[in-house]
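Raw target_32.pdb, PDB, C-alpha atoms and all ligand atoms:
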ATOM      1  CA  MET M   1       0.000   0.000   0.000
ATOM      2  CA  ALA M   2       1.369   3.455  -0.898
ATOM      3  CA  TYR M   3       1.585   6.123   1.807
ATOM      4  CA  ASP M   4      -1.691   8.081   1.962
ATOM      5  CA  SER M   5      -0.909  11.718   2.767
ATOM      6  CA  ASN M   6      -4.512  12.229   3.890
ATOM      7  CA  ASN M   7      -4.196   9.962   6.932
ATOM      8  CA  ILE M   8      -5.111  11.559  10.281
ATOM      9  CA  PHE M   9      -1.538  11.911  11.536
ATOM     10  CA  ALA M  10      -0.395  13.566   8.285
ATOM     11  CA  LYS M  11      -3.249  16.055   8.808
ATOM     12  CA  ILE M  12      -2.093  16.654  12.402
ATOM     13  CA  LEU M  13       1.444  17.307  11.090
ATOM     14  CA  ARG M  14       0.054  19.876   8.635
ATOM     15  CA  ASP M  15      -2.058  21.446  11.451
ATOM     16  CA  GLU M  16      -5.226  20.678   9.495
ATOM     17  CA  ILE M  17      -6.743  18.962  12.533
ATOM     18  CA  PRO M  18      -5.973  19.701  16.183
ATOM     19  CA  ALA M  19      -3.838  17.578  18.495
ATOM     20  CA  ILE M  20      -2.756  17.977  22.102
ATOM     21  CA  LYS M  21       0.998  18.113  21.595
ATOM     22  CA  VAL M  22       3.529  17.460  24.359
ATOM     23  CA  TYR M  23       6.868  17.459  22.510
ATOM     24  CA  GLU M  24       8.239  18.305  19.102
ATOM     25  CA  ASP M  25      11.635  18.538  17.431
ATOM     26  CA  LYS M  26      12.910  18.691  13.845
ATOM     27  CA  GLU M  27      12.103  15.055  13.072
ATOM     28  CA  THR M  28       9.399  13.938  15.513
ATOM     29  CA  LEU M  29       6.137  14.899  17.237
ATOM     30  CA  ALA M  30       4.491  13.491  20.391
ATOM     31  CA  PHE M  31       0.811  14.059  21.240
ATOM     32  CA  MET M  32      -1.994  12.595  23.330
ATOM     33  CA  ASP M  33      -3.971   9.629  21.954
ATOM     34  CA  VAL M  34      -7.673  10.613  21.807
ATOM     35  CA  MET M  35      -8.793   7.098  22.784
ATOM     36  CA  PRO M  36      -6.271   6.345  25.554
ATOM     37  CA  GLN M  37      -5.800   2.787  26.759
ATOM     38  CA  ALA M  38      -4.647   4.316  30.059
ATOM     39  CA  PRO M  39      -4.386   7.886  31.415
ATOM     40  CA  GLY M  40      -1.342   9.519  29.780
ATOM     41  CA  HIS M  41      -1.349   7.361  26.605
ATOM     42  CA  THR M  42       0.872   9.290  24.170
ATOM     43  CA  LEU M  43       1.854   8.738  20.529
ATOM     44  CA  VAL M  44       5.231   9.452  18.909
ATOM     45  CA  ILE M  45       5.432   9.924  15.131
ATOM     46  CA  PRO M  46       8.101  10.901  12.619
ATOM     47  CA  LYS M  47       7.445  14.139  10.736
ATOM     48  CA  SER M  48       8.439  12.504   7.455
ATOM     49  CA  ALA M  49       6.152  10.113   5.578
ATOM     50  CA  ALA M  50       6.374   6.432   6.530
ATOM     51  CA  GLU M  51       3.443   4.060   6.571
ATOM     52  CA  ASN M  52       4.990   1.474   8.844
ATOM     53  CA  LEU M  53       8.225  -0.047  10.169
ATOM     54  CA  PHE M  54       9.158  -1.393   6.765
ATOM     55  CA  ASP M  55       9.420   1.954   5.002
ATOM     56  CA  LEU M  56      10.832   3.896   7.964
ATOM     57  CA  LYS M  57      14.336   5.232   7.275
ATOM     58  CA  MET M  58      16.606   4.064  10.100
ATOM     59  CA  THR M  59      17.997   7.568  10.709
ATOM     60  CA  VAL M  60      14.391   8.673  11.308
ATOM     61  CA  GLY M  61      13.781   5.527  13.372
ATOM     62  CA  ALA M  62      16.661   6.547  15.636
ATOM     63  CA  ALA M  63      15.075   9.977  16.135
ATOM     64  CA  VAL M  64      11.689   8.372  16.910
ATOM     65  CA  LEU M  65      13.300   6.060  19.473
ATOM     66  CA  ALA M  66      15.147   8.974  21.120
ATOM     67  CA  THR M  67      11.881  10.930  21.417
ATOM     68  CA  THR M  68      10.074   7.820  22.663
ATOM     69  CA  GLN M  69      12.638   7.368  25.440
ATOM     70  CA  LYS M  70      12.439  11.044  26.463
ATOM     71  CA  VAL M  71       8.632  11.242  26.385
ATOM     72  CA  ALA M  72       8.126   7.803  28.005
ATOM     73  CA  ASP M  73      10.302   8.927  30.923
ATOM     74  CA  ALA M  74       8.195  12.096  31.281
ATOM     75  CA  VAL M  75       4.933  10.101  31.035
ATOM     76  CA  ARG M  76       6.203   7.716  33.757
ATOM     77  CA  THR M  77       7.010  10.646  36.062
ATOM     78  CA  ALA M  78       3.919  12.718  35.244
ATOM     79  CA  MET M  79       1.412   9.878  35.607
ATOM     80  CA  GLN M  80       3.294   8.156  38.450
ATOM     81  CA  ALA M  81       3.089   4.965  36.404
ATOM     82  CA  ASP M  82       4.301   1.615  37.699
ATOM     83  CA  GLY M  83       5.466   0.665  34.205
ATOM     84  CA  ILE M  84       5.486   1.813  30.593
ATOM     85  CA  MET M  85       4.292  -0.330  27.694
ATOM     86  CA  LEU M  86       5.314   0.476  24.102
ATOM     87  CA  ASN M  87       3.102  -0.755  21.246
ATOM     88  CA  GLN M  88       3.770  -0.451  17.531
ATOM     89  CA  PHE M  89       1.483  -2.075  14.931
ATOM     90  CA  ASN M  90       2.219  -2.785  11.274
ATOM     91  CA  GLY M  91      -0.696  -3.622   8.983
ATOM     92  CA  PRO M  92      -4.421  -4.055   9.697
ATOM     93  CA  ALA M  93      -3.939  -7.679  10.762
ATOM     94  CA  ALA M  94      -1.612  -6.450  13.514
ATOM     95  CA  GLY M  95      -4.101  -3.785  14.666
ATOM     96  CA  GLN M  96      -2.775  -0.736  12.768
ATOM     97  CA  THR M  97      -5.598   1.676  11.990
ATOM     98  CA  VAL M  98      -3.686   4.884  11.134
ATOM     99  CA  PHE M  99      -1.204   4.363   8.325
ATOM    100  CA  HIS M 100       1.545   6.722   9.429
ATOM    101  CA  PHE M 101       4.229   5.016  11.554
ATOM    102  CA  HIS M 102       3.706   5.584  15.290
ATOM    103  CA  VAL M 103       4.776   4.286  18.684
ATOM    104  CA  HIS M 104       2.228   4.071  21.504
ATOM    105  CA  ILE M 105       3.516   5.017  24.975
ATOM    106  CA  VAL M 106       1.045   3.448  27.403
ATOM    107  CA  PRO M 107       1.539   3.918  31.144
ATOM    108  CA  ARG M 108       0.632   0.862  33.191
ATOM    109  CA  PHE M 109      -0.516   0.779  36.811
ATOM    110  CA  ASP M 110      -0.459  -2.239  39.116
ATOM    111  CA  THR M 111      -4.149  -1.919  39.940
ATOM    112  CA  VAL M 112      -5.617  -0.441  36.705
ATOM    113  CA  PRO M 113      -6.620  -2.804  33.873
ATOM    114  CA  LEU M 114      -5.648  -1.843  30.314
ATOM    115  CA  ARG M 115      -8.522  -0.342  28.272
ATOM    116  CA  LYS M 116      -9.378  -1.623  24.801
ATOM    117  CA  HIS M 117      -7.327  -0.406  21.791
ATOM    118  CA  GLN M 118      -9.447   2.180  19.884
ATOM    119  CA  GLY M 119     -11.957   2.210  22.748
ATOM    120  CA  LYS M 120     -13.669   5.318  24.126
ATOM    121  CA  MET M 121     -12.829   8.943  23.206
ATOM    122  CA  GLU M 122     -11.475  10.829  26.230
ATOM    123  CA  ARG M 123     -12.689  14.360  27.064
ATOM    124  CA  THR M 124     -10.371  17.120  25.812
ATOM    125  CA  GLU M 125     -10.028  18.680  29.275
ATOM    126  CA  VAL M 126      -8.851  15.354  30.726
ATOM    127  CA  LEU M 127      -6.272  14.937  27.917
ATOM    128  CA  GLU M 128      -5.154  18.564  28.404
ATOM    129  CA  GLY M 129      -4.643  17.887  32.119
ATOM    130  CA  HIS M 130      -2.419  14.884  31.388
ATOM    131  CA  ALA M 131      -0.513  16.818  28.688
ATOM    132  CA  THR M 132       0.177  19.673  31.109
ATOM    133  CA  LYS M 133       1.747  17.226  33.592
ATOM    134  CA  ILE M 134       3.799  15.511  30.853
ATOM    135  CA  ARG M 135       5.087  18.850  29.483
ATOM    136  CA  ALA M 136       6.101  19.865  33.032
ATOM    137  CA  ALA M 137       7.957  16.559  33.528
ATOM    138  CA  LEU M 138       9.751  17.088  30.192
ATOM    139  CA  LYS M 139      11.032  20.439  31.475
ATOM    140  CA  SER M 140      12.237  19.147  34.843
TER     141      SER M 140
HETATM  142  P1  LIG P   1      -3.080   2.208  15.614
HETATM  143  O1  LIG P   1      -4.403   1.532  15.748
HETATM  144  O2  LIG P   1      -2.868   2.586  14.163
HETATM  145  O3  LIG P   1      -1.918   1.510  16.199
HETATM  146  O4  LIG P   1      -3.173   3.528  16.464
HETATM  147  C1  LIG P   1      -3.848   4.651  16.094
HETATM  148  C2  LIG P   1      -4.110   5.397  17.365
HETATM  149  O5  LIG P   1      -4.473   6.710  17.013
HETATM  150  C3  LIG P   1      -5.249   4.825  18.212
HETATM  151  O6  LIG P   1      -4.774   4.517  19.507
HETATM  152  C4  LIG P   1      -6.299   5.915  18.213
HETATM  153  O7  LIG P   1      -6.924   6.045  19.462
HETATM  154  C5  LIG P   1      -5.499   7.149  17.850
HETATM  155  N1  LIG P   1      -6.233   8.143  17.087
HETATM  156  C6  LIG P   1      -7.117   7.922  16.084
HETATM  157  N2  LIG P   1      -7.553   9.097  15.575
HETATM  158  C7  LIG P   1      -6.917  10.072  16.275
HETATM  159  C8  LIG P   1      -6.966  11.503  16.207
HETATM  160  O8  LIG P   1      -7.653  12.108  15.405
HETATM  161  N3  LIG P   1      -6.177  12.174  17.088
HETATM  162  C9  LIG P   1      -5.364  11.530  17.994
HETATM  163  N4  LIG P   1      -4.653  12.294  18.810
HETATM  164  N5  LIG P   1      -5.324  10.187  18.094
HETATM  165  C10 LIG P   1      -6.080   9.467  17.234
END
Since I need it in another form, could you write the structure as structure tokens?
Amino acid sequence: MAYDSNNIFAKILRDEIPAIKVYEDKETLAFMDVMPQAPGHTLVIPKSAAENLFDLKMTVGAAVLATTQKVADAVRTAMQADGIMLNQFNGPAAGQTVFHFHVHIVPRFDTVPLRKHQGKMERTEVLEGHATKIRAALKS
């Protein structure tokens, strides 16, 4: 499948649809997932076009991993998570629904069960509250 530049994340990158952003640099962007599997669920994407792992340039992959490490550490601190789960899906059979490469950062808590992938939309004010804490942890 060829990269579709009208996918939701490409639109977020072009500021055509809103996103609650927590971190950005030359090559990557991190923002809140609108249907979080846990409070603080954040996505990291490259700014350049890549549908999945198999067409991701490794120099870009290195930048995505560096951002993932930085943001995951901030999510862990901000949400006081007991653990951090990373998910990354390639192809519909694997659960990929948005065809722009992304890494899920999902905080895990000893006593909180994981919500369904692509479950319920979270309220914007709740996501904004989590983003504020994550941005603060990124600065500290
Ligand atoms: P995938 O299923 O491709 O691994 O992950 C796509 C993720 O993007 C899902 O977790 C879903 O909740 C999230 N998502 C879908 N549409 C939007 C959107 O418009 N904005 C944001 N921030 N997240 C989205």
Select the residues contacting ligand LIG 1 (chain P) at a distance of at most 8 Å, based on all atoms listed in the file, then format the selection as a ChimeraX atom specification. /M:8-9,12,17-20,31-37,43,87-90,95-104,117-119,121
I want to know what sits within 12 Å of Thr132 in chain M, based on all atoms listed in the file, with residues of the same chain fewer than 2 positions away left out; could you give that as a VMD selection string? chain M and resid 20 to 23 31 to 32 40 74 to 75 78 to 79 125 to 130 134 to 139
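One finds CA of Asp4 in chain M at 9.4 Å from CA of Ala50 in chain M.
Within 12 Å of Arg108 in chain M, once all atoms listed in the file are used and residues closer than 6 positions along the same chain are dropped, the contacting residues are M:Pro36, M:Gln37, M:Ala38, M:Pro39, M:Gly40, M:His41, M:Ala72, M:Val75, M:Arg76, M:Met79, M:Gln80, M:Ala81, M:Asp82, M:Gly83, M:Ile84, M:Met85, M:Leu86, M:Leu114, M:Arg115.
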Between M:Lys11, M:Lys26, M:Glu122, M:Val112, smallest distance to Lys47 in chain M by all atoms listed in the file belongs to M:Lys26
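Going from CA of Glu27 in chain M over to CA of Gly61 in chain M, you cover 9.7 Å.
CA of Pro107 in chain M is positioned 8.8 Å from CA of Thr42 in chain M.
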Kindly resolve the PyMOL selection byres (((chain M and resi 60) around 9) and not hetatm) on the present coordinates and return the residues as a ChimeraX atom specification. /M:27-28,46-48,56-59,61-65
Axis-aligned box for all listed atoms of range 14-31 of chain M, 4 Å per side, centre and edges in Å to one decimal, as AutoDock Vina command-line options:
--center_x 3.1 --center_y 17.5 --center_z 16.5 --size_x 27.7 --size_y 16.0 --size_z 23.7
Extract range 38-118 of chain M from the coordinates I pasted, and write it as a PDB file, in the first residue's frame (atoms kept: C-alpha atoms).
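So part.pdb came out as:
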ATOM      1  CA  ALA M  38      -4.647   4.316  30.059  1.00  0.00           C
ATOM      2  CA  PRO M  39      -4.386   7.886  31.415  1.00  0.00           C
ATOM      3  CA  GLY M  40      -1.342   9.519  29.780  1.00  0.00           C
ATOM      4  CA  HIS M  41      -1.349   7.361  26.605  1.00  0.00           C
ATOM      5  CA  THR M  42       0.872   9.290  24.170  1.00  0.00           C
ATOM      6  CA  LEU M  43       1.854   8.738  20.529  1.00  0.00           C
ATOM      7  CA  VAL M  44       5.231   9.452  18.909  1.00  0.00           C
ATOM      8  CA  ILE M  45       5.432   9.924  15.131  1.00  0.00           C
ATOM      9  CA  PRO M  46       8.101  10.901  12.619  1.00  0.00           C
ATOM     10  CA  LYS M  47       7.445  14.139  10.736  1.00  0.00           C
ATOM     11  CA  SER M  48       8.439  12.504   7.455  1.00  0.00           C
ATOM     12  CA  ALA M  49       6.152  10.113   5.578  1.00  0.00           C
ATOM     13  CA  ALA M  50       6.374   6.432   6.530  1.00  0.00           C
ATOM     14  CA  GLU M  51       3.443   4.060   6.571  1.00  0.00           C
ATOM     15  CA  ASN M  52       4.990   1.474   8.844  1.00  0.00           C
ATOM     16  CA  LEU M  53       8.225  -0.047  10.169  1.00  0.00           C
ATOM     17  CA  PHE M  54       9.158  -1.393   6.765  1.00  0.00           C
ATOM     18  CA  ASP M  55       9.420   1.954   5.002  1.00  0.00           C
ATOM     19  CA  LEU M  56      10.832   3.896   7.964  1.00  0.00           C
ATOM     20  CA  LYS M  57      14.336   5.232   7.275  1.00  0.00           C
ATOM     21  CA  MET M  58      16.606   4.064  10.100  1.00  0.00           C
ATOM     22  CA  THR M  59      17.997   7.568  10.709  1.00  0.00           C
ATOM     23  CA  VAL M  60      14.391   8.673  11.308  1.00  0.00           C
ATOM     24  CA  GLY M  61      13.781   5.527  13.372  1.00  0.00           C
ATOM     25  CA  ALA M  62      16.661   6.547  15.636  1.00  0.00           C
ATOM     26  CA  ALA M  63      15.075   9.977  16.135  1.00  0.00           C
ATOM     27  CA  VAL M  64      11.689   8.372  16.910  1.00  0.00           C
ATOM     28  CA  LEU M  65      13.300   6.060  19.473  1.00  0.00           C
ATOM     29  CA  ALA M  66      15.147   8.974  21.120  1.00  0.00           C
ATOM     30  CA  THR M  67      11.881  10.930  21.417  1.00  0.00           C
ATOM     31  CA  THR M  68      10.074   7.820  22.663  1.00  0.00           C
ATOM     32  CA  GLN M  69      12.638   7.368  25.440  1.00  0.00           C
ATOM     33  CA  LYS M  70      12.439  11.044  26.463  1.00  0.00           C
ATOM     34  CA  VAL M  71       8.632  11.242  26.385  1.00  0.00           C
ATOM     35  CA  ALA M  72       8.126   7.803  28.005  1.00  0.00           C
ATOM     36  CA  ASP M  73      10.302   8.927  30.923  1.00  0.00           C
ATOM     37  CA  ALA M  74       8.195  12.096  31.281  1.00  0.00           C
ATOM     38  CA  VAL M  75       4.933  10.101  31.035  1.00  0.00           C
ATOM     39  CA  ARG M  76       6.203   7.716  33.757  1.00  0.00           C
ATOM     40  CA  THR M  77       7.010  10.646  36.062  1.00  0.00           C
ATOM     41  CA  ALA M  78       3.919  12.718  35.244  1.00  0.00           C
ATOM     42  CA  MET M  79       1.412   9.878  35.607  1.00  0.00           C
ATOM     43  CA  GLN M  80       3.294   8.156  38.450  1.00  0.00           C
ATOM     44  CA  ALA M  81       3.089   4.965  36.404  1.00  0.00           C
ATOM     45  CA  ASP M  82       4.301   1.615  37.699  1.00  0.00           C
ATOM     46  CA  GLY M  83       5.466   0.665  34.205  1.00  0.00           C
ATOM     47  CA  ILE M  84       5.486   1.813  30.593  1.00  0.00           C
ATOM     48  CA  MET M  85       4.292  -0.330  27.694  1.00  0.00           C
ATOM     49  CA  LEU M  86       5.314   0.476  24.102  1.00  0.00           C
ATOM     50  CA  ASN M  87       3.102  -0.755  21.246  1.00  0.00           C
ATOM     51  CA  GLN M  88       3.770  -0.451  17.531  1.00  0.00           C
ATOM     52  CA  PHE M  89       1.483  -2.075  14.931  1.00  0.00           C
ATOM     53  CA  ASN M  90       2.219  -2.785  11.274  1.00  0.00           C
ATOM     54  CA  GLY M  91      -0.696  -3.622   8.983  1.00  0.00           C
ATOM     55  CA  PRO M  92      -4.421  -4.055   9.697  1.00  0.00           C
ATOM     56  CA  ALA M  93      -3.939  -7.679  10.762  1.00  0.00           C
ATOM     57  CA  ALA M  94      -1.612  -6.450  13.514  1.00  0.00           C
ATOM     58  CA  GLY M  95      -4.101  -3.785  14.666  1.00  0.00           C
ATOM     59  CA  GLN M  96      -2.775  -0.736  12.768  1.00  0.00           C
ATOM     60  CA  THR M  97      -5.598   1.676  11.990  1.00  0.00           C
ATOM     61  CA  VAL M  98      -3.686   4.884  11.134  1.00  0.00           C
ATOM     62  CA  PHE M  99      -1.204   4.363   8.325  1.00  0.00           C
ATOM     63  CA  HIS M 100       1.545   6.722   9.429  1.00  0.00           C
ATOM     64  CA  PHE M 101       4.229   5.016  11.554  1.00  0.00           C
ATOM     65  CA  HIS M 102       3.706   5.584  15.290  1.00  0.00           C
ATOM     66  CA  VAL M 103       4.776   4.286  18.684  1.00  0.00           C
ATOM     67  CA  HIS M 104       2.228   4.071  21.504  1.00  0.00           C
ATOM     68  CA  ILE M 105       3.516   5.017  24.975  1.00  0.00           C
ATOM     69  CA  VAL M 106       1.045   3.448  27.403  1.00  0.00           C
ATOM     70  CA  PRO M 107       1.539   3.918  31.144  1.00  0.00           C
ATOM     71  CA  ARG M 108       0.632   0.862  33.191  1.00  0.00           C
ATOM     72  CA  PHE M 109      -0.516   0.779  36.811  1.00  0.00           C
ATOM     73  CA  ASP M 110      -0.459  -2.239  39.116  1.00  0.00           C
ATOM     74  CA  THR M 111      -4.149  -1.919  39.940  1.00  0.00           C
ATOM     75  CA  VAL M 112      -5.617  -0.441  36.705  1.00  0.00           C
ATOM     76  CA  PRO M 113      -6.620  -2.804  33.873  1.00  0.00           C
ATOM     77  CA  LEU M 114      -5.648  -1.843  30.314  1.00  0.00           C
ATOM     78  CA  ARG M 115      -8.522  -0.342  28.272  1.00  0.00           C
ATOM     79  CA  LYS M 116      -9.378  -1.623  24.801  1.00  0.00           C
ATOM     80  CA  HIS M 117      -7.327  -0.406  21.791  1.00  0.00           C
ATOM     81  CA  GLN M 118      -9.447   2.180  19.884  1.00  0.00           C
TER      82      GLN M 118
END
